[in-house]
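K.L.:
Dropping in coords32.cif, which is mmCIF, C-alpha atoms:
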data_input
loop_
_atom_site.label_atom_id
_atom_site.label_comp_id
_atom_site.auth_asym_id
_atom_site.auth_seq_id
_atom_site.Cartn_x
_atom_site.Cartn_y
_atom_site.Cartn_z
CA MET A 479 35.65 15.43 14.89
CA THR A 480 36.98 12.08 16.04
CA HIS A 481 39.80 10.31 14.24
CA THR A 482 38.08 6.97 14.83
CA VAL A 483 37.39 5.36 11.50
CA PHE A 484 37.60 1.87 10.01
CA PRO A 485 41.16 0.56 9.60
CA ALA A 486 40.44 -0.30 5.99
CA ILE A 487 37.71 -0.08 3.38
CA GLY A 488 37.22 -2.12 0.23
CA PHE A 489 34.92 -3.39 -2.49
CA ILE A 490 34.02 -6.75 -3.99
CA GLN A 491 33.20 -6.44 -7.67
CA ILE A 492 31.46 -9.44 -9.22
CA HIS A 493 29.71 -10.50 -12.39
CA VAL A 494 26.11 -10.50 -11.10
CA VAL A 495 24.17 -13.40 -12.64
CA PRO A 496 20.41 -12.67 -12.38
CA GLY A 497 18.41 -15.26 -10.47
CA GLU A 498 21.47 -17.22 -9.26
CA PRO A 499 22.11 -16.29 -5.61
CA GLU A 500 24.25 -19.35 -4.80
CA HIS A 501 26.54 -18.72 -7.77
CA ASN A 502 26.89 -15.05 -6.86
CA LEU A 503 27.59 -15.92 -3.22
CA ARG A 504 30.39 -18.28 -4.28
CA GLN A 505 31.99 -15.38 -6.15
CA VAL A 506 31.96 -13.24 -3.02
CA VAL A 507 33.60 -16.01 -0.98
CA GLN A 508 36.24 -16.57 -3.67
CA TYR A 509 37.31 -12.93 -3.79
CA LEU A 510 37.26 -12.60 0.00
CA GLU A 511 39.65 -15.55 0.19
CA GLU A 512 41.94 -14.13 -2.47
CA ALA A 513 42.09 -10.56 -1.10
CA SER A 514 42.44 -11.42 2.63
CA PRO A 515 41.32 -8.00 3.91
CA PRO A 516 42.59 -7.10 7.41
CA PRO A 517 40.33 -7.52 10.45
CA GLY A 518 37.70 -4.80 10.79
CA THR A 519 37.59 -3.92 7.08
CA LEU A 520 34.33 -2.49 5.74
CA LEU A 521 33.51 -4.01 2.33
CA ILE A 522 30.84 -2.95 -0.14
CA LEU A 523 29.15 -5.25 -2.73
CA PRO A 524 27.15 -4.32 -5.86
CA GLU A 525 23.44 -3.58 -6.06
CA LEU A 526 21.27 -6.71 -5.77
CA TRP A 527 24.55 -8.62 -5.92
CA ALA A 528 22.93 -11.94 -4.98
CA THR A 529 19.86 -11.98 -7.24
CA GLY A 530 20.27 -9.29 -9.88
CA PHE A 531 17.31 -7.67 -11.63
CA ASP A 532 15.34 -10.80 -12.49
CA TYR A 533 12.01 -8.96 -12.72
CA SER A 534 9.85 -12.01 -13.43
CA ARG A 535 11.04 -13.57 -10.13
CA THR A 536 11.36 -10.42 -8.01
CA ARG A 537 9.18 -11.51 -5.11
CA GLU A 538 10.35 -15.12 -5.23
CA LEU A 539 13.99 -14.09 -5.02
CA ALA A 540 13.26 -11.54 -2.31
CA GLU A 541 12.11 -14.44 -0.12
CA HIS A 542 15.72 -15.71 -0.15
CA THR A 543 16.99 -12.55 1.54
CA PRO A 544 16.76 -13.81 5.16
CA ASP A 545 18.86 -16.90 4.28
CA LEU A 546 21.35 -14.77 2.37
CA LEU A 547 21.70 -12.42 5.33
CA GLU A 548 22.48 -15.38 7.60
CA LYS A 549 25.23 -16.42 5.19
CA MET A 550 26.53 -12.83 5.09
CA LYS A 551 26.58 -12.83 8.89
CA GLU A 552 28.64 -16.06 8.83
CA LEU A 553 31.08 -14.56 6.32
CA ALA A 554 31.42 -11.39 8.39
CA SER A 555 32.26 -13.52 11.41
CA ARG A 556 34.62 -15.89 9.57
CA TYR A 557 36.69 -13.11 7.98
CA ASN A 558 36.21 -10.55 10.79
CA VAL A 559 34.88 -7.90 8.39
CA LEU A 560 31.70 -5.90 7.80
CA LEU A 561 29.83 -6.54 4.56
CA ALA A 562 27.40 -4.15 2.87
CA GLY A 563 25.37 -4.68 -0.26
CA SER A 564 21.91 -4.19 -1.69
CA PHE A 565 19.13 -6.78 -1.27
CA ALA A 566 15.47 -7.09 -2.21
CA LEU A 567 13.73 -6.62 1.14
CA LEU A 568 10.06 -7.48 1.63
CA ASP A 569 7.94 -5.42 4.01
CA GLU A 570 5.25 -6.51 6.46
CA ALA A 571 2.47 -5.10 4.26
CA ASP A 572 3.24 -7.66 1.55
CA CYS A 573 3.78 -4.90 -1.01
CA ALA A 574 6.55 -4.70 -3.61
CA PRO A 575 10.02 -5.12 -2.04
CA PHE A 576 12.48 -2.36 -1.29
CA ASN A 577 15.91 -2.34 -2.94
CA THR A 578 17.86 -1.84 0.28
CA LEU A 579 21.52 -1.40 1.12
CA LEU A 580 22.21 -3.45 4.25
CA CYS A 581 25.33 -3.45 6.44
CA VAL A 582 25.96 -6.86 8.02
CA THR A 583 28.30 -7.61 10.92
CA SER A 584 29.01 -10.83 12.78
CA GLU A 585 25.98 -9.93 14.91
CA GLY A 586 23.61 -9.51 11.94
CA VAL A 587 22.11 -6.51 10.14
CA ALA A 588 23.45 -3.30 11.70
CA GLY A 589 22.08 -0.64 9.34
CA GLN A 590 19.96 -0.20 6.23
CA TRP A 591 19.37 2.44 3.58
CA PRO A 592 16.57 1.82 1.05
CA LYS A 593 16.89 3.06 -2.51
CA GLN A 594 14.99 6.33 -2.67
CA HIS A 595 14.94 6.93 -6.42
CA LEU A 596 13.90 4.04 -8.66
CA PHE A 597 15.13 4.05 -12.25
CA ARG A 598 11.93 4.37 -14.26
CA HIS A 599 13.73 3.91 -17.58
CA TRP A 600 14.42 0.30 -16.58
CA GLN A 601 10.90 -0.05 -15.11
CA GLU A 602 12.32 -0.59 -11.64
CA ASP A 603 9.34 1.28 -10.19
CA ALA A 604 7.03 -1.46 -11.50
CA TYR A 605 8.69 -4.12 -9.34
CA TYR A 606 10.10 -2.25 -6.32
CA GLN A 607 8.86 0.51 -4.06
CA PRO A 608 10.95 3.55 -3.13
CA GLY A 609 12.18 3.94 0.41
CA GLN A 610 12.64 6.97 2.63
CA ALA A 611 15.88 8.58 3.75
CA ALA A 612 17.67 6.75 6.58
CA PRO A 613 20.25 8.25 8.95
CA PRO A 614 23.90 7.20 9.21
CA LEU A 615 24.92 4.29 11.39
CA ALA A 616 27.27 5.07 14.26
CA LEU A 617 29.62 2.16 15.00
CA LYS A 618 32.63 2.04 17.27
CA GLN A 619 34.85 2.03 14.15
CA GLY A 620 33.19 5.12 12.67
CA THR A 621 29.94 6.50 11.26
CA ILE A 622 28.73 5.22 7.89
CA GLY A 623 25.86 5.89 5.52
CA GLY A 624 24.91 4.74 2.08
CA PHE A 625 22.63 4.72 -0.92
CA VAL A 626 21.90 2.66 -4.01
CA CYS A 627 22.89 3.22 -7.66
CA TYR A 628 20.57 5.85 -9.22
CA ASP A 629 20.56 7.73 -5.89
CA LEU A 630 24.09 8.81 -6.86
CA ARG A 631 22.52 11.39 -9.19
CA PHE A 632 20.75 13.08 -6.24
CA PRO A 633 23.48 14.95 -4.33
CA GLU A 634 21.22 15.90 -1.42
CA ILE A 635 21.24 12.27 -0.22
CA ALA A 636 24.99 12.19 0.36
CA ARG A 637 24.92 15.76 1.70
CA ASN A 638 22.33 14.87 4.35
CA LEU A 639 24.32 11.82 5.41
CA ALA A 640 27.46 13.94 5.78
CA TYR A 641 25.57 16.61 7.72
CA GLN A 642 24.38 13.93 10.14
CA GLY A 643 27.94 12.80 10.76
CA ALA A 644 28.75 10.16 8.16
CA GLN A 645 32.51 9.79 7.71
CA ILE A 646 32.20 7.07 5.08
CA VAL A 647 29.52 6.91 2.38
CA MET A 648 28.88 3.63 0.56
CA VAL A 649 27.38 3.18 -2.91
CA SER A 650 26.02 -0.16 -4.11
CA ALA A 651 25.28 -0.17 -7.85
CA GLN A 652 24.69 -1.87 -11.16
CA TRP A 653 25.84 1.05 -13.31
CA PRO A 654 25.92 0.62 -17.10
CA LYS A 655 29.15 0.74 -19.09
CA ILE A 656 27.65 3.27 -21.50
CA ARG A 657 27.72 5.87 -18.69
CA LEU A 658 31.04 4.94 -17.10
CA ASP A 659 32.30 8.54 -17.22
CA HIS A 660 29.23 9.69 -15.26
CA TRP A 661 29.91 7.02 -12.62
CA GLN A 662 33.52 8.08 -12.11
CA THR A 663 32.73 11.80 -12.11
CA LEU A 664 29.75 11.64 -9.76
CA LEU A 665 31.54 9.41 -7.25
CA ARG A 666 34.45 11.83 -6.97
CA ALA A 667 32.04 14.77 -6.74
CA ARG A 668 30.12 13.20 -3.84
CA ALA A 669 33.40 12.58 -1.97
CA ILE A 670 34.81 16.06 -2.61
CA GLU A 671 31.70 18.14 -1.92
CA ASN A 672 30.97 16.27 1.33
CA GLN A 673 34.58 15.64 2.44
CA VAL A 674 33.96 11.97 3.16
CA PHE A 675 35.58 8.67 2.28
CA LEU A 676 33.49 7.17 -0.49
CA MET A 677 33.43 3.48 -1.35
CA ALA A 678 31.48 2.20 -4.35
CA ALA A 679 30.91 -1.31 -5.67
CA ASN A 680 29.59 -1.89 -9.16
CA GLY A 681 28.77 -5.03 -11.06
CA CYS A 682 30.83 -6.01 -14.10
CA GLY A 683 30.28 -8.01 -17.25
CA THR A 684 26.81 -8.63 -18.66
CA SER A 685 23.84 -8.90 -16.31
CA GLY A 686 20.82 -9.91 -18.34
CA PRO A 687 20.69 -7.52 -21.33
CA LEU A 688 22.85 -4.92 -19.56
CA GLU A 689 26.62 -4.49 -19.85
CA LEU A 690 27.87 -3.10 -16.54
CA ALA A 691 30.74 -0.66 -16.14
CA GLY A 692 32.72 -2.26 -13.31
CA HIS A 693 35.27 0.30 -12.07
CA SER A 694 34.38 0.04 -8.40
CA MET A 695 36.23 2.76 -6.50
CA LEU A 696 37.59 3.90 -3.14
CA ILE A 697 37.97 7.67 -2.87
CA SER A 698 39.45 9.94 -0.19
CA PRO A 699 37.71 13.10 1.18
CA SER A 700 39.93 15.18 -1.11
CA GLY A 701 38.81 13.25 -4.19
CA GLU A 702 41.99 11.16 -4.50
CA ILE A 703 41.26 7.74 -6.00
CA LEU A 704 42.69 5.27 -3.50
CA ALA A 705 41.74 2.18 -5.52
CA GLU A 706 39.83 1.49 -8.71
CA ALA A 707 38.93 -1.77 -10.41
CA ASP A 708 38.87 -2.34 -14.14
CA ASP A 709 36.03 -4.29 -15.77
CA ALA A 710 36.97 -7.67 -14.22
CA PRO A 711 35.73 -9.27 -10.97
CA GLY A 712 37.83 -8.97 -7.86
CA CYS A 713 38.28 -7.52 -4.38
CA ARG A 714 40.39 -4.48 -3.47
CA TRP A 715 40.96 -2.80 -0.14
CA CYS A 716 43.14 -0.06 1.31
CA ALA A 717 43.97 1.27 4.76
CA ILE A 718 42.58 4.70 5.66
CA ASP A 719 43.43 7.36 8.22
CA GLY A 720 40.61 9.19 9.99
CA ALA A 721 42.86 12.25 10.54
CA ILE A 722 42.40 13.04 6.84
CA LEU A 723 38.78 13.94 7.53
CA GLU A 724 39.73 16.60 10.06
CA GLU A 725 42.46 17.94 7.79
CA GLU A 726 40.00 18.34 4.88
CA ARG A 727 37.47 20.17 7.07
CA ARG A 728 39.94 22.44 8.85
CA TRP A 729 39.29 25.50 6.65
CA PHE A 730 35.75 24.90 5.45
CA SER A 731 33.03 22.22 5.65
CA PRO A 732 30.13 22.62 3.17
CA PRO A 733 27.97 19.89 4.78
CA GLY A 734 27.66 22.05 7.89
CA GLU A 735 26.74 25.27 6.09
CA ARG A 736 22.96 25.13 5.80
CA MET A 737 21.70 28.64 5.10
CA TRP A 738 17.96 28.90 4.48
CA GLY A 739 18.02 30.31 0.98
CA ARG A 740 14.39 30.64 -0.04
CA ASP A 741 11.11 32.33 0.90
CA ASP A 742 8.42 29.68 1.23
CA GLN A 743 5.59 32.11 0.56
CA ASP A 744 6.73 32.04 -3.08
CA LYS A 745 4.93 28.68 -3.26
CA ILE A 746 1.56 30.50 -3.13
CA LEU A 747 0.58 31.10 -6.76
CA VAL A 748 -2.36 31.95 -8.98
CA LEU A 749 -3.45 29.26 -11.42
CA HIS A 750 -1.78 30.78 -14.49
CA ASP A 751 1.60 30.88 -12.76
CA VAL A 752 1.41 27.39 -11.32
CA THR A 753 0.50 25.83 -14.68
CA ALA A 754 3.50 27.57 -16.26
CA LYS A 755 5.78 26.15 -13.57
CA LEU A 756 4.28 22.69 -13.95
CA THR A 757 4.87 22.80 -17.70
CA ALA A 758 8.57 23.43 -17.06
CA ILE A 759 8.72 20.72 -14.41
CA ARG A 760 7.02 18.14 -16.62
CA ARG A 761 9.57 18.74 -19.38
CA GLN A 762 12.00 16.99 -17.04
CA GLY A 763 9.75 13.94 -16.76
CA ALA A 764 8.32 14.85 -13.35
CA LYS A 765 4.90 13.61 -12.25
CA VAL A 766 2.49 15.90 -10.40
CA ALA A 767 0.25 14.99 -7.46
CA PHE A 768 -2.75 17.11 -6.47
CA THR A 769 -4.86 17.24 -3.34
CA ASN A 770 -7.16 19.81 -1.81
CA GLY A 771 -8.70 20.90 1.45
CA CYS A 772 -9.46 23.71 3.86
CA PHE A 773 -6.45 23.12 6.17
CA ASP A 774 -7.85 25.42 8.83
CA LEU A 775 -5.86 25.07 12.08
CA LEU A 776 -3.21 22.80 10.56
CA HIS A 777 -2.65 19.71 12.73
CA ALA A 778 -0.61 16.49 12.74
CA GLY A 779 -3.22 14.63 10.70
CA HIS A 780 -2.96 17.21 7.93
CA VAL A 781 0.84 17.07 7.91
CA SER A 782 0.98 13.27 7.80
CA TYR A 783 -1.57 13.21 4.98
CA LEU A 784 0.33 15.81 2.94
CA GLU A 785 3.63 13.99 3.40
CA ARG A 786 2.10 10.80 2.06
CA ALA A 787 0.47 12.71 -0.81
CA ARG A 788 3.88 14.11 -1.79
CA GLN A 789 5.34 10.61 -1.80
CA CYS A 790 2.94 9.68 -4.61
CA ALA A 791 4.73 11.83 -7.20
CA ASP A 792 7.61 14.25 -7.79
CA CYS A 793 5.69 17.42 -6.98
CA LEU A 794 2.63 18.25 -4.85
CA VAL A 795 0.09 20.94 -5.70
CA VAL A 796 -2.41 21.78 -2.96
CA GLY A 797 -5.75 23.34 -3.85
CA LEU A 798 -6.82 25.49 -0.91
CA ASN A 799 -10.44 26.46 -0.32
CA SER A 800 -10.95 30.22 -0.19
CA ASP A 801 -12.60 31.82 2.82
CA ASP A 802 -15.88 32.25 0.94
CA SER A 803 -16.01 28.62 -0.18
CA ILE A 804 -15.35 27.43 3.39
CA ARG A 805 -18.18 29.60 4.73
CA ARG A 806 -20.52 28.02 2.20
CA LEU A 807 -19.34 24.55 3.25
CA LYS A 808 -18.98 24.93 7.02
CA GLY A 809 -20.94 28.01 8.07
CA GLU A 810 -20.25 31.62 8.96
CA THR A 811 -17.97 30.82 11.93
CA ARG A 812 -15.34 29.28 9.68
CA PRO A 813 -12.57 29.52 8.73
CA VAL A 814 -10.67 30.43 11.87
CA ASN A 815 -7.67 31.58 9.82
CA THR A 816 -7.87 33.55 6.58
CA GLU A 817 -6.96 31.98 3.26
CA LEU A 818 -3.64 33.82 3.08
CA GLU A 819 -2.72 32.80 6.62
CA ARG A 820 -3.63 29.18 5.90
CA ALA A 821 -1.66 29.27 2.65
CA ARG A 822 1.40 30.71 4.39
CA VAL A 823 1.45 27.94 7.00
CA LEU A 824 1.07 25.27 4.31
CA ALA A 825 3.88 26.84 2.33
CA ALA A 826 6.30 26.22 5.20
CA LEU A 827 5.86 22.45 4.80
CA GLY A 828 8.68 20.89 2.83
CA CYS A 829 6.31 18.33 1.29
CA VAL A 830 4.20 21.05 -0.38
CA ASP A 831 5.50 22.51 -3.64
CA PHE A 832 2.70 24.83 -4.78
CA ILE A 833 -0.54 26.21 -3.34
CA VAL A 834 -3.44 27.58 -5.36
CA ILE A 835 -6.49 29.13 -3.69
CA PHE A 836 -9.77 28.29 -5.41
CA THR A 837 -13.10 30.05 -4.87
CA GLU A 838 -15.54 27.42 -6.17
CA ASP A 839 -17.26 24.85 -3.96
CA THR A 840 -15.14 22.05 -5.50
CA PRO A 841 -11.66 21.98 -7.07
CA TYR A 842 -13.01 20.57 -10.35
CA ASN A 843 -11.83 23.48 -12.53
CA LEU A 844 -8.45 23.54 -10.80
CA ILE A 845 -7.98 19.79 -11.33
CA GLN A 846 -8.92 20.19 -14.99
CA ALA A 847 -6.29 22.90 -15.39
CA VAL A 848 -3.52 21.09 -13.48
CA MET A 849 -4.51 17.60 -14.71
CA PRO A 850 -2.27 15.77 -12.24
CA GLU A 851 -0.74 12.38 -12.86
CA VAL A 852 -1.89 11.43 -9.34
CA LEU A 853 -5.07 12.71 -7.67
CA VAL A 854 -4.91 12.24 -3.89
CA LYS A 855 -7.84 12.16 -1.47
CA GLY A 856 -8.62 10.70 1.93
CA ALA A 857 -9.50 7.01 2.10
CA ASP A 858 -12.89 7.93 3.59
CA TRP A 859 -13.93 9.11 0.13
CA PRO A 860 -15.22 6.44 -2.30
CA GLU A 861 -13.41 6.84 -5.60
CA ASP A 862 -16.61 7.41 -7.55
CA LEU A 863 -17.37 10.46 -5.36
CA ILE A 864 -13.94 12.07 -5.68
CA VAL A 865 -14.17 15.22 -7.79
CA GLY A 866 -12.00 14.94 -10.90
CA ALA A 867 -11.22 11.23 -10.46
CA LYS A 868 -12.85 10.18 -13.71
CA GLU A 869 -11.11 12.89 -15.72
CA VAL A 870 -7.67 12.17 -14.25
CA LYS A 871 -7.99 8.45 -14.98
CA GLN A 872 -9.21 9.13 -18.51
CA ALA A 873 -6.08 11.21 -19.04
CA GLY A 874 -3.89 8.27 -17.97
CA GLY A 875 -3.44 9.27 -14.33
CA ARG A 876 -4.40 7.44 -11.17
CA VAL A 877 -6.24 8.07 -7.90
CA GLU A 878 -4.62 7.46 -4.52
CA ARG A 879 -6.82 7.22 -1.41
CA ILE A 880 -4.80 7.78 1.78
CA ALA A 881 -5.92 6.58 5.19
CA PHE A 882 -5.63 9.06 8.07
CA THR A 883 -3.09 8.07 10.71
CA TYR A 884 -4.14 10.60 13.36
CA ASN A 885 -7.51 10.70 15.13
CA GLN A 886 -7.75 14.48 14.86
CA SER A 887 -9.80 17.21 13.22
CA THR A 888 -9.98 20.99 13.09
CA SER A 889 -13.55 20.92 14.44
CA HIS A 890 -12.42 18.96 17.47
CA ILE A 891 -9.56 21.37 18.11
CA ILE A 892 -12.01 24.28 18.03
CA GLN A 893 -14.27 22.44 20.47
CA LYS A 894 -11.36 21.83 22.85
CA ILE A 895 -10.36 25.48 22.72
CA SER A 896 -13.95 26.50 23.40
CA GLY A 897 -14.16 24.05 26.31
CA HIS A 898 -17.09 22.17 24.81
CA CYS A 899 -15.59 18.69 25.00
CA ASP A 900 -13.24 16.62 27.15
CA VAL A 901 -9.62 17.19 26.13
CA ASP A 902 -8.97 13.44 25.85
CA GLN A 903 -11.88 12.75 23.52
CA GLY A 904 -11.02 11.81 19.95
CA GLY A 905 -12.65 13.29 16.88
CA GLN A 906 -12.75 13.00 13.13
#
Can you present the structure in this file as structure tokens?
P.N.:
Amino acid sequence: MTHTVFPAIGFIQIHVVPGEPEHNLRQVVQYLEEASPPPGTLLILPELWATGFDYSRTRELAEHTPDLLEKMKELASRYNVLLAGSFALLDEADCAPFNTLLCVTSEGVAGQWPKQHLFRHWQEDAYYQPGQAAPPLALKQGTIGGFVCYDLRFPEIARNLAYQGAQIVMVSAQWPKIRLDHWQTLLRARAIENQVFLMAANGCGTSGPLELAGHSMLISPSGEILAEADDAPGCRWCAIDGAILEEERRWFSPPGERMWGRDDQDKILVLHDVTAKLTAIRRQGAKVAFTNGCFDLLHAGHVSYLERARQCADCLVVGLNSDDSIRRLKGETRPVNTELERARVLAALGCVDFIVIFTEDTPYNLIQAVMPEVLVKGADWPEDLIVGAKEVKQAGGRVERIAFTYNQSTSHIIQKISGHCDVDQGGQ
């Protein structure tokens, strides 16, 4: 472990006024001037600090992000600091924006970490799209990572950042005052369990209808609170010593202890057992996605498709054609692998939660029993021909049609193995 780490870390806590980026930016400048952090300080700002959650203007305000980032770059250069905070970030596909934590230096954006878990209770998922995990950023001053607000309740995010080398974890939030004790407890827990410096910026005052908790914090790897705000705006910073990291990890380091503690074949279930598990899962508000297929000779196209299917909900159930049903569909030479072998390989995929083998020609009965919130099928299938689509939609669910990103098929693989086609030829 290197002792190299930022000379100082800090937070800027402001009263976020929704839809007023220029006003919010002036607050940041004011508190930077007042606090005069030393050169090289890493500073964290609240979630959507510039625009707030102005849902009716989400896309309009997201278009201001490039200009705001230029102004952040100027501030980073003027004060010789690094600034991190969450922004609404549009993507090239012109979909809903990501709520993304960005780290800005005098050179521009250095790293970004999109919010992975959107807060459904506040309907955030209706205006933003969730992002995927991003690795830490290695800078000459140290290695940093971060996440946004509600992600604080998912400890695996901070754990993965620490495992990948993060020495400092940043949290950008608009956390409500009604759950202030959760904020303080969870922040200290993330620092202690991962033995990292943790820096968290929260909004304060009233933002729209929401009263925010304030109490931005800087915490040492041992859980010591190095600095904490009250419920008023301001900027605080403190010097840190990278040697503390090595001292904390001298005797034990939980982020590095990654025992494989489960047997993936336990994901292979009969229908009765999977519906019982789904009942328990749904009590927690989880949504279930379902897809089906033969998955004979699993290839990259299958894996990519299943990963995207899992991203549609909180849990993925895969209906797997039995050997007999495949023979009826594809002929006596198929499948190459037996149903239990195919199920076992699928079970090793982290994106797959449960597998149920069905014997019928279609998964209609299985879909009726599972009744997923999201029914997933390949984009080559018209929705009106997707088995179970009508029933899922009538029950309040939706259908997702996913395009294939790999020009690959099991049939083509079999042909290549048999030497019946050129190895460079594509296939569907």
K.L.:
Give one line per residue of region 621-667 of chain A that approaches region 716-726 of chain A to at most 12 Å, naming the two atoms of the closest pair and their distance in Å to one decimal, counting all atoms listed in the file; sort by chain then ascending residue number and deliver it as a tab-separated table.
P.N.:
residue	atom	partner	partner_atom	distance
A:Thr621	CA	A:Gly720	CA	11.1
A:Ala640	CA	A:Leu723	CA	11.5
A:Gly643	CA	A:Leu723	CA	11.4
A:Ala644	CA	A:Leu723	CA	10.7
A:Gln645	CA	A:Leu723	CA	7.5
A:Ile646	CA	A:Leu723	CA	9.8
K.L.:
In terms of the shortest atom-to-atom distance over only C-alpha atoms, which of A:Ala616, A:Gln673, A:Tyr628, A:Ala710 is closest to Trp729 (chain A)?
P.N.:
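Looking only at the distances to Trp729 (chain A), the closest residue turns out to be A:Gln673.
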K.L.:
Using the chain letters and numbering of this document, enumerate as JSON, numbers by chain the residues selected by the PyMOL selection byres ((chain A and resi 581-585) around 7).
P.N.:
{"A": [550, 551, 552, 554, 555, 560, 561, 562, 563, 579, 580, 586, 587, 588, 589, 590]}
K.L.:
Per residue of region 615-658 of chain A within 7 Å of region 675-698 of chain A, record the nearest atom pair and its distance in Å to one decimal, counting all atoms listed in the file, with rows in chain order and ascending residue number, as CSV.
P.N.:
residue,atom,partner,partner_atom,distance
A:Gln645,CA,A:Phe675,CA,6.3
A:Ile646,CA,A:Phe675,CA,4.7
A:Val647,CA,A:Leu676,CA,4.9
A:Met648,CA,A:Met677,CA,4.9
A:Val649,CA,A:Ala678,CA,4.5
A:Ser650,CA,A:Ala679,CA,5.3
A:Ala651,CA,A:Asn680,CA,4.8
A:Gln652,CA,A:Gly681,CA,5.2
A:Trp653,CA,A:Leu690,CA,5.6
A:Pro654,CA,A:Leu690,CA,4.2
A:Lys655,CA,A:Ala691,CA,3.6
A:Leu658,CA,A:Ala691,CA,5.7
K.L.:
Quick one, how far is CA of Val830 (chain A) from CA of Leu784 (chain A)?
P.N.:
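Distance reported for this atom pair: 7.3 Å.
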K.L.:
To one decimal place, how far is CA of Leu521 (chain A) from CA of Gln642 (chain A) in Å?
P.N.:
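Computing the Euclidean distance for CA of Leu521 (chain A) and CA of Gln642 (chain A) yields 21.6 Å.
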K.L.:
Tell me, in Å to one decimal, how far CA of Thr837 (chain A) is from CA of Asp802 (chain A).
P.N.:
6.8 Å
K.L.:
Determine the residue membership of the PyMOL selection byres ((chain A and resi 851) around 12) for the file above and supply it as a ChimeraX atom specification.
P.N.:
/A:756,760,763-769,790-795,845-846,848-850,852-854,866-867,869-878
K.L.:
Residues picked by the PyMOL selection byres ((chain A and resi 818-826) around 9) here, as a list in words?
P.N.:
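Taken on the displayed file, the PyMOL selection byres ((chain A and resi 818-826) around 9) yields the residues Asp741, Asp742, Gln743, Asp744, Lys745, Ile746, Cys772, Phe773, Asp774, Leu775, Leu776, Val781, Val796, Leu798, Ser800, Asn815, Thr816, Glu817, Leu827, Gly828, Cys829, Val830, Asp831, Phe832, Ile833, Val834 and Ile835 of chain A.
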K.L.:
Write out the residues from the selection above, keeping C-alpha atoms, as a compact mmCIF listing (two decimals), keeping the file's coordinate frame.
P.N.:
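Written output follows (selection37.txt):
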# COMPACT_ATOMS: atom_id res chain seq x y z
CA ASP A 741 11.11 32.33 0.90
CA ASP A 742 8.42 29.68 1.23
CA GLN A 743 5.59 32.11 0.56
CA ASP A 744 6.73 32.04 -3.08
CA LYS A 745 4.93 28.68 -3.26
CA ILE A 746 1.56 30.50 -3.13
CA CYS A 772 -9.46 23.71 3.86
CA PHE A 773 -6.45 23.12 6.17
CA ASP A 774 -7.85 25.42 8.83
CA LEU A 775 -5.86 25.07 12.08
CA LEU A 776 -3.21 22.80 10.56
CA VAL A 781 0.84 17.07 7.91
CA VAL A 796 -2.41 21.78 -2.96
CA LEU A 798 -6.82 25.49 -0.91
CA SER A 800 -10.95 30.22 -0.19
CA ASN A 815 -7.67 31.58 9.82
CA THR A 816 -7.87 33.55 6.58
CA GLU A 817 -6.96 31.98 3.26
CA LEU A 827 5.86 22.45 4.80
CA GLY A 828 8.68 20.89 2.83
CA CYS A 829 6.31 18.33 1.29
CA VAL A 830 4.20 21.05 -0.38
CA ASP A 831 5.50 22.51 -3.64
CA PHE A 832 2.70 24.83 -4.78
CA ILE A 833 -0.54 26.21 -3.34
CA VAL A 834 -3.44 27.58 -5.36
CA ILE A 835 -6.49 29.13 -3.69
K.L.:
Of the candidates A:Lys549, A:His660, A:His493, A:Arg537, which one gets nearest to Glu525 (chain A) if we count all atoms listed in the file?
P.N.:
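Nearest to Glu525 (chain A): A:His493.
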K.L.:
Provide an axis-aligned box for all listed atoms of region 564-572 of chain A, padding each side by 8 Å; report its centre and its edge lengths in Å to one decimal, as JSON.
P.N.:
{"center_x": 12.2, "center_y": -5.9, "center_z": 2.1, "size_x": 35.4, "size_y": 19.5, "size_z": 24.7}
K.L.:
Would you kindly return, as a PyMOL selection string, each protein, DNA or RNA residue with an atom no farther than 8 Å from any atom of Ser803 (chain A), considering all atoms listed in the file and excluding same-chain residues fewer than 2 positions away?
P.N.:
chain A and resi 799-801+805-807+837-839
K.L.:
May I have the protein, DNA and RNA residues with any atom at most 12 Å from the point (10.1, 1.1, -8.2), counting only C-alpha atoms, written as a PyMOL selection string?
P.N.:
chain A and resi 531+533+536+566+573-578+592-609+628+790
